[in-house]
Amino acid sequence: MDNPTSRAIAQSRIDRTPAWLDLIQGVSGLALALFMWGHMLLVSSILLGKDAMYHVARFFEGVYFFGRPYPQLVTGIAAAIFLLMVVHAVAAMRRMPSSYREYRTLFRHSRDLRHADTWLWLMQVATGLVLMFLAGVHLYTMMTHPADIGPYESADRFVSGRMWPLYLVLLFAVELHGGIGLYRMVLKWGLLPRSVDPRAQRRRLVRLKWAITGFFLVLGLLTFAAYMKIGIEHCDRAGERYVPVALRAAMPLAGPV
Ligand code: HEM
């Protein structure tokens with residue numbers, strides 16, 4: 001049928017930009033969340049002992065592939081994560097309220113709606129802002145001091161370098177933000193299998209979300225405590241590098257553990 005209305009519809013262009021931005025936001029968010037889980041498991045290697053963490057750090061410098069450390073590899077990873085974060089933030093920022101009036105309206109709606117997911121979204125906005133301001137500080141340190149990662153080097157950064165308050169805030173912000181983000185993505189993209197009882201299914205998903213967040217928060221806090229303990233014990237020798245047990249015999253002058 002060829003009438004003015006159908007011609008106008010055929011000629012009108014669909015703006016696909018919001019859909020692309022949504023896809024970019026989702027894919028970059030998923031990559032960052034997976035990175036953060038991997039990152040927490042690697043950083044928590046300190047719970048297995050100083051030597052375990054030492055070897056994880058050397059692994060990422062490529063020692064076991066090239067026979068010598070290339071800290072530039074760590075710089076590269078940190079720079080890639082930084083870029084991914086910028087892409088994610090730019091794609092996500094369009095969703096954030098931009099004025100006091102919008103924040104007030106959103107807060108009122110959240111209060112009136114009394115729906116847990118609306119509060120979760122608010123929490124995601126707040127933790128996203130925290131990450132936007134603070135994660136860059138940590139990433140910049142990783143980019144510029146890639147060779148200073150190890151049981152003593154990292155623990156000294158926590159305590160003597162006074163980074164622990166930043167790490168504590170980042171830990172809560174990133175685990176809440178990532179957990180809520182993945183939960184919202186599963187719902188938004190319809191990734192749950194069909195169910196006869198969608199409400200019960202959603203409740204199970206919420207429980208799973210909090211269980212994963214709880215697991216990473218507990219692991220993060222234990223890891224935090226381990227670095228703090230080493231950093232406090234080592235503060236009078238801050239700056240000294242860790243030497244693993246196997247290499248100590250070859251270096252009789254290495255300091256006490
Ligand atoms: C969005 C990006 C990132 C966030 C939010 C983040 C967050 C954190 C947090 C919260 C801790 C403290 C862990 C705890 O308290 O249990 C930590 C430690 C650490 N992170 Fe990250 N991290 C990020 C990216 C990276 C990258 C890209 C690297 C390396 C290439 C890295 C390497 C480390 C290391 C080695 C530690 C141990 C402490 C230290 O050496 O300073 N992180 N990170």
# chains A, B, ... in the order shown; residues from 1 in each chain; ligands from 1
>>> residues_around(residues="Met40 in chain A", least_positions_apart="3", cutoff="10 Å", atoms="only C-alpha atoms", output="PyMOL selection string")
chain A and resi 35-37+43-45+171+175+216-217+219-220+223
>>> write_last_selection(atoms="N, CA and C atoms", output="PDB file, in the first residue's frame")
ATOM      1  N   PHE A  35      36.342  -9.363  35.079  1.00  0.00           N
ATOM      2  CA  PHE A  35      37.711  -8.999  35.457  1.00  0.00           C
ATOM      3  C   PHE A  35      37.808  -8.867  36.980  1.00  0.00           C
ATOM      4  N   MET A  36      36.816  -8.184  37.590  1.00  0.00           N
ATOM      5  CA  MET A  36      36.887  -7.926  39.033  1.00  0.00           C
ATOM      6  C   MET A  36      36.835  -9.222  39.842  1.00  0.00           C
ATOM      7  N   TRP A  37      36.036 -10.201  39.377  1.00  0.00           N
ATOM      8  CA  TRP A  37      36.008 -11.484  40.092  1.00  0.00           C
ATOM      9  C   TRP A  37      37.374 -12.152  39.998  1.00  0.00           C
ATOM     10  N   VAL A  43      44.231 -11.425  43.780  1.00  0.00           N
ATOM     11  CA  VAL A  43      44.752 -10.608  44.893  1.00  0.00           C
ATOM     12  C   VAL A  43      44.651 -11.384  46.210  1.00  0.00           C
ATOM     13  N   SER A  44      43.610 -12.242  46.308  1.00  0.00           N
ATOM     14  CA  SER A  44      43.414 -12.990  47.561  1.00  0.00           C
ATOM     15  C   SER A  44      44.405 -14.155  47.679  1.00  0.00           C
ATOM     16  N   SER A  45      45.278 -14.345  46.684  1.00  0.00           N
ATOM     17  CA  SER A  45      46.292 -15.403  46.794  1.00  0.00           C
ATOM     18  C   SER A  45      47.168 -15.168  48.030  1.00  0.00           C
ATOM     19  N   LEU A 171      36.376  -1.560  47.538  1.00  0.00           N
ATOM     20  CA  LEU A 171      35.915  -2.946  47.676  1.00  0.00           C
ATOM     21  C   LEU A 171      34.385  -2.995  47.726  1.00  0.00           C
ATOM     22  N   GLU A 175      32.015  -4.282  44.434  1.00  0.00           N
ATOM     23  CA  GLU A 175      31.246  -5.528  44.580  1.00  0.00           C
ATOM     24  C   GLU A 175      29.745  -5.254  44.482  1.00  0.00           C
ATOM     25  N   PHE A 216      32.226 -12.395  47.657  1.00  0.00           N
ATOM     26  CA  PHE A 216      33.368 -11.557  47.267  1.00  0.00           C
ATOM     27  C   PHE A 216      33.680 -10.492  48.319  1.00  0.00           C
ATOM     28  N   LEU A 217      32.644 -10.050  49.039  1.00  0.00           N
ATOM     29  CA  LEU A 217      32.917  -9.072  50.111  1.00  0.00           C
ATOM     30  C   LEU A 217      33.694  -9.733  51.248  1.00  0.00           C
ATOM     31  N   LEU A 219      35.571 -12.472  51.037  1.00  0.00           N
ATOM     32  CA  LEU A 219      36.922 -12.756  50.522  1.00  0.00           C
ATOM     33  C   LEU A 219      37.761 -11.468  50.494  1.00  0.00           C
ATOM     34  N   GLY A 220      37.135 -10.373  50.048  1.00  0.00           N
ATOM     35  CA  GLY A 220      37.834  -9.087  49.964  1.00  0.00           C
ATOM     36  C   GLY A 220      38.259  -8.589  51.339  1.00  0.00           C
ATOM     37  N   THR A 223      41.118 -10.676  52.624  1.00  0.00           N
ATOM     38  CA  THR A 223      42.321 -10.274  51.891  1.00  0.00           C
ATOM     39  C   THR A 223      42.840  -8.942  52.422  1.00  0.00           C
TER      40      THR A 223
END
>>> residues_near_ligand(ligand="ligand 1", cutoff="6 Å", atoms="only C-alpha atoms and all ligand atoms", output="list in words")
Val43, Val74, Ile77, Ala78, Ile81, Ala135, Leu139, Met142, Ile149, Ser154, Arg157, Tyr167, Leu168, Leu170, Leu171, Val174, Gly220, Leu221, Thr223 and Phe224 of chain A
>>> write_last_selection(atoms="C-alpha atoms", output="compact mmCIF listing (two decimals), in the first residue's frame")
# COMPACT_ATOMS: atom_id res chain seq x y z
CA VAL A 43 44.75 -10.61 44.89
CA VAL A 74 50.82 -5.06 34.05
CA ILE A 77 46.40 -4.60 31.58
CA ALA A 78 45.77 -1.60 33.87
CA ILE A 81 40.91 -1.79 32.18
CA ALA A 135 39.10 3.62 40.71
CA LEU A 139 44.63 2.13 38.22
CA MET A 142 49.16 0.08 38.88
CA ILE A 149 53.44 -5.69 43.25
CA SER A 154 51.46 -4.38 48.10
CA ARG A 157 51.14 0.32 49.84
CA TYR A 167 40.77 0.11 48.98
CA LEU A 168 38.06 -0.33 51.62
CA LEU A 170 36.54 0.58 46.42
CA LEU A 171 35.91 -2.95 47.68
CA VAL A 174 32.87 -2.40 43.12
CA GLY A 220 37.83 -9.09 49.96
CA LEU A 221 37.71 -8.27 53.67
CA THR A 223 42.32 -10.27 51.89
CA PHE A 224 42.22 -6.70 53.17
>>> atom_distance(atom1="CA of Gly26 in chain A", atom2="CA of Met185 in chain A")
7.0 Å
>>> closest_residue(among="A:Asp197, A:Asp15, A:Glu153, A:Asp112", to="Met53 in chain A", atoms="only C-alpha atoms")
A:Glu153
>>> closest_residue(among="A:Arg114, A:Lys188, A:His177, A:Arg162", to="Met132 in chain A", atoms="only C-alpha atoms")
A:His177
>>> residues_around(residues="Arg207 in chain A", least_positions_apart="5", cutoff="12 Å", atoms="only C-alpha atoms", output="list in words")
Gly179, Ile180, Tyr183, Ala200, Gln201, Arg202, Ile212, Thr213 and Gly214 of chain A
